[in-house]
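Peer 1: Submitted below is the structure of interest, expressed as structure tokens.
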Amino acid sequence: MDNCLKVFQSLSGEYYVFDGMTGRILTVKEPLIKETFSQTEKAVIDCFEKQKLLLHPRFERLVWEKGFDEYLEFIESNIPSLLLQMTTRCNLNCDYCVYSGNYAHMESHGNLDMSHEIILRSIDFFAEHNKDCDEAEISFYGGETFLCFREMQEAVVYAREKFPNKKLIFRITTNGMLLSRNVANWLNQNQDVITTITLNGPFHDQHRKTVSGKGSLAYIMANLKNIKRDYPALWNDRIHFIANITKVSELNELRDFYRRDVEKNPSIITHVRSQDGNDFIQDMIFELNPGQEKERLALEYCESGDAFLNAYFGNSMNAVENRLIKENDGVGIIGSCLPFTEKLYVHADGRFGICETACDKVILGDLQNGFDYNVLADIYSKAYALFNNCCRGCWAKNLCTVCFKDVLDTDGEFLAEIPKPFCVSSRKYALEQLKTYCTLKKTASRQNSVRTE
Ligand code: SF4
Ligand code: SF4
């Protein structure tokens, strides 16, 4: 009998149990709580054991949410979004870029733009494979997308013709260097286009330099100043920001920058990717004991609901809120998504990849021949064997973010097992999520009861 229970204390001190088999979170009543955490944990487990509660046998097996035939049927007509790698070129040379050469799974930047023909055929292929969805989303990704501004404009016009009867949204990810008046004017006129700009405030120039080695922040801020002044509706509604941090300790200064110089919060704050980064990346992100500062900010977030901190904590809170909760019927669901169920990722040369973050050596088909069903069958069964073997007894499985990018080697072959350091940090992250989530819920109910008194 495996113990898939995780006893934990919220940031405000209450005890809970996460049941890793069903995904439920249980509140521990006061009488069970002893003086120290380790005794409390034992008391909780003993109590469950005595009452024959929640000490489940490990799942006999995990399964994909969709059987293979059902999966193939789904991707024939239900792919919700298209992600186009418009170019492998960039006008910046960011040291933590996945294409910087510092990540084992990704080729360095190249010199290839997606051709007009490939763009149109990608949209055709996507339209065909999105036909049972009510909405469609097309995202432009790079390299730097605005190096291909004319092609993006043509793609938008063409896609609107291909999707005459459904809601269609375009998303552009950019470094913000080429947001000229001409570009801003076009963005202003096209209200179905949402732009996300990377802006790291005081830490920006340290990492995001031009090819000639100059910092890029001043150029971007000048562009933003013009947009804010000339196109307030565009600025307010359709210009979004993402901030990348290398350390938790950067968050306070970053918040000051956004409040003072941008007057708008980022939509999302992410850590620079550590997985498959070389020593340079590992040194860049190394931080001695970030947990204390993270807990302090998490508590502040729970109490105040600060919108800046929501960009950092909000996504993980949504993930806990929307976690899978099920009966323990002996069969668990694999958490990773399957290729194409969330997006169709097309490389600049027209070949299909898993997604923009996963090993770019795995090719799942192309525009000429469509999906490669042999490769899909192969990765479906190999990934299944790996996840089923490694994850079925793990308490964190309903919260873990493991996906294909974490389980492939540099040649695109599946690893024999999921790397231990990944699991250690994933479980640590899951625990932080649970602590913050329970604190947030408790604070919200306390604040609500004060309001209604
Ligand atoms: S702007 Fe984006 S694509 Fe270009 S180097 Fe920086 S992170 Fe990479
Ligand atoms: S932490 Fe490791 S073993 Fe647990 S679910 Fe995630 S990948 Fe699987």
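Identifiers in this document derive from the order of the structure tokens: chains are assigned A, B, ..., residues are numbered from 1 separately in each chain, and ligands are numbered from 1 in order of occurrence.
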Could you list, as a PyMOL selection string, all the residues within 8 Å of ligand 1, counting only C-alpha atoms and all ligand atoms?
Peer 2: chain A and resi 88-100+109+142-144+174-175+198+208-209
Peer 1: Could you pull out the alpha helix (DSSP H) residues of range 83-285 of chain A from DSSP and send them as a JSON list (two decimals) with N, CA and C atoms, in the first residue's frame?
Peer 2:
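Generated output (out.json):
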[["chain", "number", "residue", "atom", "x", "y", "z"],
["A", 116, "HIS", "N", 5.61, 32.76, -47.88],
["A", 116, "HIS", "CA", 4.20, 33.12, -48.07],
["A", 116, "HIS", "C", 3.36, 31.86, -48.29],
["A", 117, "GLU", "N", 3.89, 30.97, -49.12],
["A", 117, "GLU", "CA", 3.15, 29.75, -49.46],
["A", 117, "GLU", "C", 2.94, 28.87, -48.21],
["A", 118, "ILE", "N", 3.98, 28.74, -47.39],
["A", 118, "ILE", "CA", 3.85, 27.90, -46.18],
["A", 118, "ILE", "C", 2.85, 28.52, -45.21],
["A", 119, "ILE", "N", 2.86, 29.83, -45.12],
["A", 119, "ILE", "CA", 1.90, 30.49, -44.20],
["A", 119, "ILE", "C", 0.47, 30.18, -44.66],
["A", 120, "LEU", "N", 0.21, 30.36, -45.94],
["A", 120, "LEU", "CA", -1.17, 30.14, -46.43],
["A", 120, "LEU", "C", -1.57, 28.67, -46.28],
["A", 121, "ARG", "N", -0.64, 27.78, -46.60],
["A", 121, "ARG", "CA", -0.98, 26.34, -46.49],
["A", 121, "ARG", "C", -1.17, 25.92, -45.03],
["A", 122, "SER", "N", -0.42, 26.55, -44.12],
["A", 122, "SER", "CA", -0.61, 26.25, -42.69],
["A", 122, "SER", "C", -2.01, 26.67, -42.27],
["A", 123, "ILE", "N", -2.42, 27.84, -42.74],
["A", 123, "ILE", "CA", -3.77, 28.32, -42.36],
["A", 123, "ILE", "C", -4.84, 27.40, -42.97],
["A", 124, "ASP", "N", -4.63, 26.97, -44.20],
["A", 124, "ASP", "CA", -5.58, 26.02, -44.83],
["A", 124, "ASP", "C", -5.67, 24.73, -44.00],
["A", 125, "PHE", "N", -4.50, 24.19, -43.66],
["A", 125, "PHE", "CA", -4.46, 22.93, -42.92],
["A", 125, "PHE", "C", -5.14, 23.09, -41.57],
["A", 126, "PHE", "N", -4.87, 24.23, -40.93],
["A", 126, "PHE", "CA", -5.47, 24.50, -39.62],
["A", 126, "PHE", "C", -6.99, 24.62, -39.76],
["A", 127, "ALA", "N", -7.45, 25.35, -40.77],
["A", 127, "ALA", "CA", -8.91, 25.53, -40.94],
["A", 127, "ALA", "C", -9.60, 24.17, -41.06],
["A", 128, "GLU", "N", -8.97, 23.28, -41.81],
["A", 128, "GLU", "CA", -9.51, 21.93, -42.00],
["A", 128, "GLU", "C", -9.57, 21.16, -40.67],
["A", 129, "HIS", "N", -8.56, 21.37, -39.83],
["A", 129, "HIS", "CA", -8.46, 20.59, -38.59],
["A", 129, "HIS", "C", -9.03, 21.32, -37.37],
["A", 149, "PHE", "N", 6.73, 41.46, -40.83],
["A", 149, "PHE", "CA", 5.48, 42.22, -40.65],
["A", 149, "PHE", "C", 4.55, 42.08, -41.85],
["A", 150, "ARG", "N", 5.11, 42.24, -43.05],
["A", 150, "ARG", "CA", 4.25, 42.19, -44.24],
["A", 150, "ARG", "C", 3.56, 40.81, -44.35],
["A", 151, "GLU", "N", 4.33, 39.76, -44.08],
["A", 151, "GLU", "CA", 3.77, 38.41, -44.17],
["A", 151, "GLU", "C", 2.68, 38.20, -43.10],
["A", 152, "MET", "N", 2.89, 38.79, -41.93],
["A", 152, "MET", "CA", 1.86, 38.66, -40.88],
["A", 152, "MET", "C", 0.59, 39.38, -41.29],
["A", 153, "GLN", "N", 0.75, 40.55, -41.88],
["A", 153, "GLN", "CA", -0.43, 41.30, -42.33],
["A", 153, "GLN", "C", -1.21, 40.48, -43.36],
["A", 154, "GLU", "N", -0.48, 39.88, -44.29],
["A", 154, "GLU", "CA", -1.15, 39.06, -45.32],
["A", 154, "GLU", "C", -1.82, 37.84, -44.70],
["A", 155, "ALA", "N", -1.15, 37.26, -43.70],
["A", 155, "ALA", "CA", -1.72, 36.08, -43.04],
["A", 155, "ALA", "C", -3.04, 36.43, -42.36],
["A", 156, "VAL", "N", -3.08, 37.60, -41.73],
["A", 156, "VAL", "CA", -4.31, 38.01, -41.02],
["A", 156, "VAL", "C", -5.46, 38.17, -42.02],
["A", 157, "VAL", "N", -5.16, 38.83, -43.13],
["A", 157, "VAL", "CA", -6.21, 39.04, -44.15],
["A", 157, "VAL", "C", -6.70, 37.69, -44.68],
["A", 158, "TYR", "N", -5.76, 36.81, -45.00],
["A", 158, "TYR", "CA", -6.11, 35.51, -45.57],
["A", 158, "TYR", "C", -6.91, 34.67, -44.57],
["A", 159, "ALA", "N", -6.46, 34.68, -43.30],
["A", 159, "ALA", "CA", -7.13, 33.84, -42.29],
["A", 159, "ALA", "C", -8.57, 34.31, -42.07],
["A", 160, "ARG", "N", -8.78, 35.60, -42.09],
["A", 160, "ARG", "CA", -10.16, 36.09, -41.90],
["A", 160, "ARG", "C", -11.08, 35.55, -43.01],
["A", 161, "GLU", "N", -10.52, 35.43, -44.22],
["A", 161, "GLU", "CA", -11.33, 34.87, -45.32],
["A", 161, "GLU", "C", -11.59, 33.38, -45.11],
["A", 162, "LYS", "N", -10.61, 32.70, -44.52],
["A", 162, "LYS", "CA", -10.74, 31.24, -44.33],
["A", 162, "LYS", "C", -11.68, 30.89, -43.18],
["A", 181, "ARG", "N", 5.65, 53.57, -35.69],
["A", 181, "ARG", "CA", 4.32, 54.19, -35.82],
["A", 181, "ARG", "C", 3.46, 53.42, -36.82],
["A", 182, "ASN", "N", 4.11, 52.98, -37.89],
["A", 182, "ASN", "CA", 3.39, 52.23, -38.92],
["A", 182, "ASN", "C", 2.81, 50.92, -38.35],
["A", 183, "VAL", "N", 3.62, 50.21, -37.58],
["A", 183, "VAL", "CA", 3.17, 48.96, -36.96],
["A", 183, "VAL", "C", 2.05, 49.26, -35.95],
["A", 184, "ALA", "N", 2.27, 50.30, -35.13],
["A", 184, "ALA", "CA", 1.28, 50.63, -34.10],
["A", 184, "ALA", "C", -0.05, 51.00, -34.74],
["A", 185, "ASN", "N", 0.02, 51.71, -35.84],
["A", 185, "ASN", "CA", -1.20, 52.10, -36.55],
["A", 185, "ASN", "C", -1.96, 50.87, -37.03],
["A", 186, "TRP", "N", -1.22, 49.91, -37.55],
["A", 186, "TRP", "CA", -1.86, 48.67, -38.02],
["A", 186, "TRP", "C", -2.48, 47.90, -36.84],
["A", 187, "LEU", "N", -1.73, 47.81, -35.75],
["A", 187, "LEU", "CA", -2.26, 47.11, -34.57],
["A", 187, "LEU", "C", -3.53, 47.80, -34.08],
["A", 188, "ASN", "N", -3.52, 49.12, -34.14],
["A", 188, "ASN", "CA", -4.68, 49.87, -33.68],
["A", 188, "ASN", "C", -5.92, 49.59, -34.54],
["A", 189, "GLN", "N", -5.67, 49.43, -35.83],
["A", 189, "GLN", "CA", -6.80, 49.22, -36.74],
["A", 189, "GLN", "C", -7.34, 47.79, -36.71],
["A", 204, "HIS", "N", 16.29, 44.05, -17.69],
["A", 204, "HIS", "CA", 16.12, 43.83, -19.12],
["A", 204, "HIS", "C", 17.46, 43.84, -19.87],
["A", 205, "ASP", "N", 18.21, 44.93, -19.68],
["A", 205, "ASP", "CA", 19.43, 45.11, -20.49],
["A", 205, "ASP", "C", 20.55, 44.15, -20.14],
["A", 206, "GLN", "N", 20.45, 43.59, -18.95],
["A", 206, "GLN", "CA", 21.45, 42.59, -18.55],
["A", 206, "GLN", "C", 21.40, 41.38, -19.47],
["A", 207, "HIS", "N", 20.21, 41.04, -19.93],
["A", 207, "HIS", "CA", 20.04, 39.79, -20.69],
["A", 207, "HIS", "C", 19.58, 39.98, -22.13],
["A", 217, "LEU", "N", 16.29, 48.08, -23.76],
["A", 217, "LEU", "CA", 15.15, 48.63, -23.04],
["A", 217, "LEU", "C", 14.75, 50.03, -23.53],
["A", 218, "ALA", "N", 15.74, 50.90, -23.75],
["A", 218, "ALA", "CA", 15.42, 52.29, -24.11],
["A", 218, "ALA", "C", 14.65, 52.36, -25.43],
["A", 219, "TYR", "N", 15.02, 51.51, -26.40],
["A", 219, "TYR", "CA", 14.31, 51.49, -27.70],
["A", 219, "TYR", "C", 12.84, 51.11, -27.48],
["A", 220, "ILE", "N", 12.67, 50.07, -26.68],
["A", 220, "ILE", "CA", 11.31, 49.54, -26.49],
["A", 220, "ILE", "C", 10.45, 50.56, -25.74],
["A", 221, "MET", "N", 11.03, 51.18, -24.70],
["A", 221, "MET", "CA", 10.26, 52.15, -23.93],
["A", 221, "MET", "C", 9.86, 53.35, -24.79],
["A", 222, "ALA", "N", 10.73, 53.73, -25.73],
["A", 222, "ALA", "CA", 10.38, 54.85, -26.63],
["A", 222, "ALA", "C", 9.20, 54.44, -27.51],
["A", 223, "ASN", "N", 9.22, 53.22, -28.01],
["A", 223, "ASN", "CA", 8.09, 52.74, -28.82],
["A", 223, "ASN", "C", 6.79, 52.71, -28.00],
["A", 224, "LEU", "N", 6.92, 52.24, -26.76],
["A", 224, "LEU", "CA", 5.72, 52.12, -25.91],
["A", 224, "LEU", "C", 5.14, 53.50, -25.57],
["A", 225, "LYS", "N", 6.04, 54.46, -25.38],
["A", 225, "LYS", "CA", 5.58, 55.82, -25.06],
["A", 225, "LYS", "C", 4.69, 56.34, -26.20],
["A", 226, "ASN", "N", 5.11, 56.12, -27.42],
["A", 226, "ASN", "CA", 4.32, 56.58, -28.57],
["A", 226, "ASN", "C", 2.96, 55.88, -28.63],
["A", 227, "ILE", "N", 2.96, 54.58, -28.40],
["A", 227, "ILE", "CA", 1.68, 53.83, -28.48],
["A", 227, "ILE", "C", 0.72, 54.33, -27.39],
["A", 228, "LYS", "N", 1.27, 54.49, -26.20],
["A", 228, "LYS", "CA", 0.43, 54.92, -25.07],
["A", 228, "LYS", "C", -0.19, 56.30, -25.35],
["A", 229, "ARG", "N", 0.60, 57.17, -25.95],
["A", 229, "ARG", "CA", 0.11, 58.53, -26.22],
["A", 229, "ARG", "C", -0.87, 58.54, -27.40],
["A", 230, "ASP", "N", -0.53, 57.83, -28.47],
["A", 230, "ASP", "CA", -1.30, 57.96, -29.71],
["A", 230, "ASP", "C", -2.49, 57.01, -29.80],
["A", 232, "PRO", "N", -4.53, 55.11, -27.09],
["A", 232, "PRO", "CA", -4.85, 54.65, -25.72],
["A", 232, "PRO", "C", -5.68, 53.38, -25.67],
["A", 233, "ALA", "N", -6.62, 53.20, -26.60],
["A", 233, "ALA", "CA", -7.46, 51.99, -26.55],
["A", 233, "ALA", "C", -6.60, 50.74, -26.83],
["A", 234, "LEU", "N", -5.73, 50.86, -27.82],
["A", 234, "LEU", "CA", -4.81, 49.76, -28.13],
["A", 234, "LEU", "C", -3.95, 49.46, -26.90],
["A", 235, "TRP", "N", -3.39, 50.51, -26.33],
["A", 235, "TRP", "CA", -2.53, 50.36, -25.15],
["A", 235, "TRP", "C", -3.26, 49.68, -24.01],
["A", 236, "ASN", "N", -4.48, 50.12, -23.74],
["A", 236, "ASN", "CA", -5.21, 49.58, -22.59],
["A", 236, "ASN", "C", -5.66, 48.14, -22.80],
["A", 237, "ASP", "N", -6.13, 47.85, -24.01],
["A", 237, "ASP", "CA", -6.84, 46.57, -24.18],
["A", 237, "ASP", "C", -6.03, 45.49, -24.89],
["A", 238, "ARG", "N", -5.11, 45.87, -25.78],
["A", 238, "ARG", "CA", -4.55, 44.82, -26.64],
["A", 238, "ARG", "C", -3.02, 44.77, -26.65],
["A", 251, "LEU", "N", 11.57, 40.31, -8.00],
["A", 251, "LEU", "CA", 10.16, 40.69, -8.15],
["A", 251, "LEU", "C", 9.84, 42.09, -7.62],
["A", 252, "ASN", "N", 10.45, 42.46, -6.50],
["A", 252, "ASN", "CA", 10.10, 43.77, -5.92],
["A", 252, "ASN", "C", 10.50, 44.92, -6.83],
["A", 253, "GLU", "N", 11.73, 44.87, -7.33],
["A", 253, "GLU", "CA", 12.18, 45.95, -8.23],
["A", 253, "GLU", "C", 11.38, 45.95, -9.53],
["A", 254, "LEU", "N", 11.04, 44.75, -9.96],
["A", 254, "LEU", "CA", 10.25, 44.64, -11.20],
["A", 254, "LEU", "C", 8.88, 45.29, -11.01],
["A", 255, "ARG", "N", 8.30, 45.07, -9.83],
["A", 255, "ARG", "CA", 6.99, 45.66, -9.53],
["A", 255, "ARG", "C", 7.09, 47.19, -9.53],
["A", 256, "ASP", "N", 8.16, 47.72, -8.92],
["A", 256, "ASP", "CA", 8.35, 49.18, -8.91],
["A", 256, "ASP", "C", 8.42, 49.71, -10.34],
["A", 257, "PHE", "N", 9.15, 49.00, -11.18],
["A", 257, "PHE", "CA", 9.31, 49.43, -12.57],
["A", 257, "PHE", "C", 7.96, 49.46, -13.29],
["A", 279, "ASP", "N", 25.57, 25.29, -18.03],
["A", 279, "ASP", "CA", 26.06, 25.85, -16.76],
["A", 279, "ASP", "C", 25.84, 27.36, -16.70],
["A", 280, "PHE", "N", 25.98, 28.02, -17.84],
["A", 280, "PHE", "CA", 25.77, 29.47, -17.87],
["A", 280, "PHE", "C", 24.35, 29.81, -17.39],
["A", 281, "ILE", "N", 23.37, 29.04, -17.87],
["A", 281, "ILE", "CA", 21.97, 29.27, -17.46],
["A", 281, "ILE", "C", 21.79, 28.91, -15.98],
["A", 282, "GLN", "N", 22.39, 27.79, -15.57],
["A", 282, "GLN", "CA", 22.22, 27.37, -14.16],
["A", 282, "GLN", "C", 22.81, 28.41, -13.22],
["A", 283, "ASP", "N", 23.98, 29.00, -13.59],
["A", 283, "ASP", "CA", 24.58, 30.05, -12.76],
["A", 283, "ASP", "C", 23.68, 31.28, -12.74],
["A", 284, "MET", "N", 23.08, 31.58, -13.90],
["A", 284, "MET", "CA", 22.25, 32.78, -14.01],
["A", 284, "MET", "C", 21.04, 32.69, -13.07],
["A", 285, "ILE", "N", 20.47, 31.50, -12.95],
["A", 285, "ILE", "CA", 19.23, 31.39, -12.18],
["A", 285, "ILE", "C", 19.47, 30.97, -10.73]]
Peer 1: At a cut-off of 7 Å around ligand 2, and using only C-alpha atoms and all ligand atoms, what residues come up? Please write them as a ChimeraX atom specification.
Peer 2: /A:387,390-391,394-397,400-402,418,422-424,426-427
Peer 1: Skip Ser336 in chain A itself and residues of its chain fewer than 4 positions away, then list as a count of residues only all residues within 12 Å of it, counting only C-alpha atoms.
Peer 2: 25
Peer 1: So what do you get for CA of Leu72 in chain A versus CA of Arg323 in chain A, distance-wise?
Peer 2: 24.6 Å
Peer 1: Report the distance between CA of Asp113 in chain A and CA of Gly353 in chain A in Å, rounded to one decimal place.
Peer 2: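 Computed distance, CA of Asp113 in chain A to CA of Gly353 in chain A, equals 16.4 Å.
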Peer 1: Would you please work out which residue, of A:Arg273, A:Lys420, A:Lys382, A:Lys435, is nearest to Asn102 in chain A when using only C-alpha atoms?
Peer 2: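 Answer, going by the shortest atom-to-atom distance: A:Arg273.
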Peer 1: Point out the residue among A:Cys302, A:Met106, A:Ile75, A:Cys438 with the least atom-to-atom distance to Lys131 in chain A, counting only C-alpha atoms.
Peer 2: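 Checking each of A:Cys302, A:Met106, A:Ile75, A:Cys438 against Lys131 in chain A, counting only C-alpha atoms, the winner is A:Ile75.
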Peer 1: So, counting only C-alpha atoms, which residue among A:Leu440, A:Met114, A:Ile197, A:Met21 is closest to Glu300 in chain A?
Peer 2: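 Counting only C-alpha atoms, the residue closest to Glu300 in chain A is A:Leu440.
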Peer 1: So how many Å separate CA of Pro339 in chain A and CA of Asn374 in chain A, to one decimal?
Peer 2: 13.6 Å
Peer 1: Please produce, as a Markdown table, a per-residue contact table for range 265-333 of chain A versus range 10-13 of chain A (criterion: any atom at most 9 Å away, only C-alpha atoms considered), showing the nearest atom pair and its distance in Å to one decimal, sorted by chain then residue number.
Peer 2:
| residue | atom | partner | partner_atom | distance |
| --- | --- | --- | --- | --- |
| A:Glu295 | CA | A:Leu11 | CA | 7.2 |
| A:Arg296 | CA | A:Leu11 | CA | 8.9 |
| A:Ala298 | CA | A:Leu11 | CA | 8.2 |
| A:Leu299 | CA | A:Leu11 | CA | 6.7 |
Peer 1: So, with only C-alpha atoms as the atoms that count, which of A:Glu287, A:Asp261, A:Asp69, A:Asp378 lies closest to Ile245 in chain A?
Peer 2: A:Glu287
Peer 1: Within 10 Å of range 3-9 of chain A, counting only C-alpha atoms, which residues show up once you throw out same-chain ones fewer than 6 positions away? Write them as number ranges by chain, please.
Peer 2: A: 15-28, 37-38, 40-42, 44-45, 48-49, 54-58, 392-397, 431-432, 434-436, 438-439
